[in-house]
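> Got a structure for you, written out below as structure tokens; questions coming shortly.
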Amino acid sequence: MVATLGVAAVPASATSATTATPATACPTGWGSGAETRSAATTESVTNIRTGRHACFDRMVVDVPGAGTRELGYSVRYVSRLHQDGSGRPIAVGGGAVIEVRVAAPAYDPATGKPTYPAKAGQRLTGVNLTGYRTFRDARFVGSFEGDTQIGLGVRARLPFRVWVATDRVVVDVAHNWTGAR
């Protein structure tokens, strides 16, 4: 006796059509205009990291203990990046430059000791952008009067979004304007 499990035969011509993975569109509706959030914290930046995703490249600035309500930022495209305080120009590679400011110091306000190990104008510590579709360069600009400034070089002026999660500011830059993968 043979048991039948109710599996219907599928013609070979239909198999490829039913098993093909549909192209998933990326999120759209992002822009390239400045994004800001008015808030500030005395908690310190401890890490800056990046990641690659199917539709965008991501930068995350970690500020442990800041929660979400106290994290402020200003993110915008600039024609030239200048360090706060000194006005010194900072060179950042790429077809366009995004200035990322997080309203949190990269030092301990009580002692002045750095909490993020970086030097002005140097590449971000521990960040390797090899193989990224959008990111080209990432430079620490400085931390002055409670704000930390980062230069993010991208291949072209592309749409981005900025959002806050617990203890971090996240910047996503799309791979293109169309939402295609």
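Just remember, in the structure tokens the first chain shown is A, the second B, etc., residues are 1-based per chain, and ligands are 1-based in the order shown.
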Within 6 Å of range 51-60 of chain A, counting only C-alpha atoms, which residues qualify if same-chain residues fewer than 5 places away don't, as a PyMOL selection string?
chain A and resi 26+169-175
> Could you list, as number ranges by chain, every residue within 7 Å of range 144-147 of chain A, counting only C-alpha atoms and ignoring same-chain residues fewer than 5 positions away?
A: 84-85, 101-105
> Restrict the selected residues to N, CA, C and O atoms and save them as a PDB file, in the first residue's frame.

```
ATOM      1  N   ASP A  84      35.436  72.132  13.954  1.00  0.00           N
ATOM      2  CA  ASP A  84      34.960  73.119  14.921  1.00  0.00           C
ATOM      3  C   ASP A  84      36.120  73.632  15.753  1.00  0.00           C
ATOM      4  O   ASP A  84      37.058  72.900  16.052  1.00  0.00           O
ATOM      5  N   GLY A  85      36.011  74.866  16.180  1.00  0.00           N
ATOM      6  CA  GLY A  85      37.047  75.457  17.027  1.00  0.00           C
ATOM      7  C   GLY A  85      38.173  76.068  16.222  1.00  0.00           C
ATOM      8  O   GLY A  85      38.393  77.268  16.270  1.00  0.00           O
ATOM      9  N   ARG A 101      27.306  65.272  12.886  1.00  0.00           N
ATOM     10  CA  ARG A 101      27.553  65.832  14.213  1.00  0.00           C
ATOM     11  C   ARG A 101      26.620  65.143  15.196  1.00  0.00           C
ATOM     12  O   ARG A 101      25.410  65.098  14.979  1.00  0.00           O
ATOM     13  N   VAL A 102      27.198  64.631  16.254  1.00  0.00           N
ATOM     14  CA  VAL A 102      26.410  64.015  17.315  1.00  0.00           C
ATOM     15  C   VAL A 102      26.594  64.881  18.555  1.00  0.00           C
ATOM     16  O   VAL A 102      27.727  65.224  18.923  1.00  0.00           O
ATOM     17  N   ALA A 103      25.494  65.241  19.198  1.00  0.00           N
ATOM     18  CA  ALA A 103      25.528  66.124  20.367  1.00  0.00           C
ATOM     19  C   ALA A 103      25.918  65.335  21.612  1.00  0.00           C
ATOM     20  O   ALA A 103      25.144  65.174  22.552  1.00  0.00           O
ATOM     21  N   ALA A 104      27.150  64.834  21.577  1.00  0.00           N
ATOM     22  CA  ALA A 104      27.743  64.081  22.682  1.00  0.00           C
ATOM     23  C   ALA A 104      29.254  64.201  22.537  1.00  0.00           C
ATOM     24  O   ALA A 104      29.767  64.143  21.417  1.00  0.00           O
ATOM     25  N   PRO A 105      29.982  64.356  23.625  1.00  0.00           N
ATOM     26  CA  PRO A 105      31.442  64.486  23.524  1.00  0.00           C
ATOM     27  C   PRO A 105      32.117  63.144  23.293  1.00  0.00           C
ATOM     28  O   PRO A 105      31.590  62.100  23.664  1.00  0.00           O
TER      29      PRO A 105
END
```
> Tell me which of A:Ala39, A:Gly151, A:Ala34, A:Ile48 sits closest to Asn128 in chain A, counting only C-alpha atoms.
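For Asn128 in chain A, the nearest of the candidates is A:Ile48.
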> Extract, using only C-alpha atoms, all DNA, RNA and protein residues at most 10 Å from Gly67 in chain A, discarding same-chain residues fewer than 2 positions from it, and format them as a PyMOL selection string.
chain A and resi 41+43+63-65+69-71+164-168
> At a cut-off of 8 Å, using only C-alpha atoms, what residues contact Glu35 in chain A? Leave out same-chain residues fewer than 4 positions from it and give the result as a compact mmCIF listing (two decimals) with N, CA, C and O atoms, in the first residue's frame.

```
# COMPACT_ATOMS: atom_id res chain seq x y z
N TYR A 73 21.52 65.35 16.93
CA TYR A 73 22.44 65.25 15.80
C TYR A 73 22.14 66.32 14.77
O TYR A 73 21.06 66.94 14.76
N SER A 74 23.09 66.51 13.89
CA SER A 74 22.93 67.31 12.68
C SER A 74 23.71 66.57 11.60
O SER A 74 24.90 66.30 11.77
N VAL A 75 23.04 66.21 10.52
CA VAL A 75 23.66 65.47 9.43
C VAL A 75 23.31 66.19 8.13
O VAL A 75 22.14 66.43 7.86
N ARG A 76 24.35 66.53 7.35
CA ARG A 76 24.11 67.28 6.11
C ARG A 76 25.28 67.12 5.15
O ARG A 76 26.41 66.85 5.57
N ARG A 161 19.05 58.71 5.59
CA ARG A 161 18.13 58.89 6.71
C ARG A 161 18.96 58.82 7.99
O ARG A 161 20.03 58.19 8.02
N VAL A 162 18.46 59.46 9.03
CA VAL A 162 19.11 59.45 10.33
C VAL A 162 18.05 59.08 11.35
O VAL A 162 16.92 59.57 11.28
```
> Can you tell me how far CA of Ala91 in chain A sits from CA of Leu158 in chain A, in Å to one decimal?
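Straight-line distance from CA of Ala91 in chain A to CA of Leu158 in chain A works out to 19.3 Å.
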> Give the helix (DSSP H, G or I) residues of chain A, as assigned by DSSP on the backbone, as a short mmCIF file (atom, residue, chain, number, x, y, z; two decimals) with N, CA, C and O atoms, in the first residue's frame.

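Saved result, states04.cif, follows:
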```cif
data_model
loop_
_atom_site.label_atom_id
_atom_site.label_comp_id
_atom_site.auth_asym_id
_atom_site.auth_seq_id
_atom_site.Cartn_x
_atom_site.Cartn_y
_atom_site.Cartn_z
N ALA A 12 7.26 21.39 -15.53
CA ALA A 12 8.62 21.93 -15.48
C ALA A 12 8.64 23.40 -15.87
O ALA A 12 9.41 24.18 -15.32
N SER A 13 7.82 23.81 -16.81
CA SER A 13 7.83 25.21 -17.25
C SER A 13 7.35 26.14 -16.14
O SER A 13 7.76 27.29 -16.07
N ALA A 14 6.51 25.68 -15.25
CA ALA A 14 5.99 26.52 -14.17
C ALA A 14 6.94 26.56 -12.98
O ALA A 14 6.90 27.48 -12.19
N THR A 15 7.80 25.55 -12.84
CA THR A 15 8.68 25.47 -11.69
C THR A 15 9.57 26.70 -11.56
O THR A 15 9.67 27.30 -10.51
N SER A 16 10.21 27.09 -12.65
CA SER A 16 11.12 28.23 -12.56
C SER A 16 10.37 29.52 -12.25
O SER A 16 10.88 30.37 -11.55
N ALA A 17 9.15 29.66 -12.73
CA ALA A 17 8.39 30.87 -12.46
C ALA A 17 7.94 30.94 -11.01
O ALA A 17 7.90 32.00 -10.42
N THR A 18 7.60 29.81 -10.41
CA THR A 18 7.10 29.83 -9.04
C THR A 18 8.21 29.85 -8.00
O THR A 18 8.00 30.27 -6.89
N THR A 19 9.40 29.42 -8.36
CA THR A 19 10.48 29.40 -7.38
C THR A 19 11.43 30.58 -7.54
O THR A 19 12.33 30.75 -6.74
#
```
> List every residue of range 111-166 of chain A that DSSP, applied to the backbone, labels as strand (DSSP E), and write the result as a list in words.
Phe135, Arg136, Asp137, Ala138, Arg139, Phe140, Val141, Gly142, Ser143, Phe144, Asp147, Thr148, Gln149, Ile150, Gly151, Leu152, Gly153, Val154, Phe160, Arg161, Val162, Trp163, Val164 and Ala165 of chain A
> Do you know which residues are at most 8 Å from Asp108 in chain A counting only C-alpha atoms, after dropping those on the same chain fewer than 4 positions away, and could you put them as an mmCIF file with N, CA and C atoms, in the first residue's frame?

```
data_model
loop_
_atom_site.group_PDB
_atom_site.id
_atom_site.type_symbol
_atom_site.label_atom_id
_atom_site.label_comp_id
_atom_site.auth_asym_id
_atom_site.auth_seq_id
_atom_site.Cartn_x
_atom_site.Cartn_y
_atom_site.Cartn_z
ATOM 1 N N GLU A 43 26.807 62.151 28.212
ATOM 2 C CA GLU A 43 27.355 60.803 28.030
ATOM 3 C C GLU A 43 28.300 60.851 26.833
ATOM 4 N N SER A 44 29.294 59.991 26.821
ATOM 5 C CA SER A 44 30.363 60.084 25.831
ATOM 6 C C SER A 44 30.261 59.061 24.701
ATOM 7 N N GLY A 112 38.329 65.239 30.720
ATOM 8 C CA GLY A 112 38.864 65.622 29.420
ATOM 9 C C GLY A 112 39.542 64.475 28.687
ATOM 10 N N LYS A 113 39.587 63.296 29.320
ATOM 11 C CA LYS A 113 40.240 62.129 28.717
ATOM 12 C C LYS A 113 39.376 61.585 27.563
ATOM 13 N N PRO A 114 39.994 61.294 26.405
ATOM 14 C CA PRO A 114 39.227 60.758 25.265
ATOM 15 C C PRO A 114 38.533 59.439 25.596
ATOM 16 N N THR A 115 37.307 59.299 25.094
ATOM 17 C CA THR A 115 36.559 58.040 25.245
ATOM 18 C C THR A 115 36.471 57.299 23.911
#
```
> Rank A:Arg181, A:Arg157, A:Arg139, A:Arg49 by their smallest atom-to-atom distance to Ile90 in chain A, using only C-alpha atoms, and report the top residue only.
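So, comparing all the options, the nearest one is A:Arg139.
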> With only C-alpha atoms as the basis for distance, which of A:Val92, A:Val61, A:Glu99, A:Val45 is at the shortest distance from Ser143 in chain A?
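With only C-alpha atoms as the atom set, the closest residue is A:Val45.
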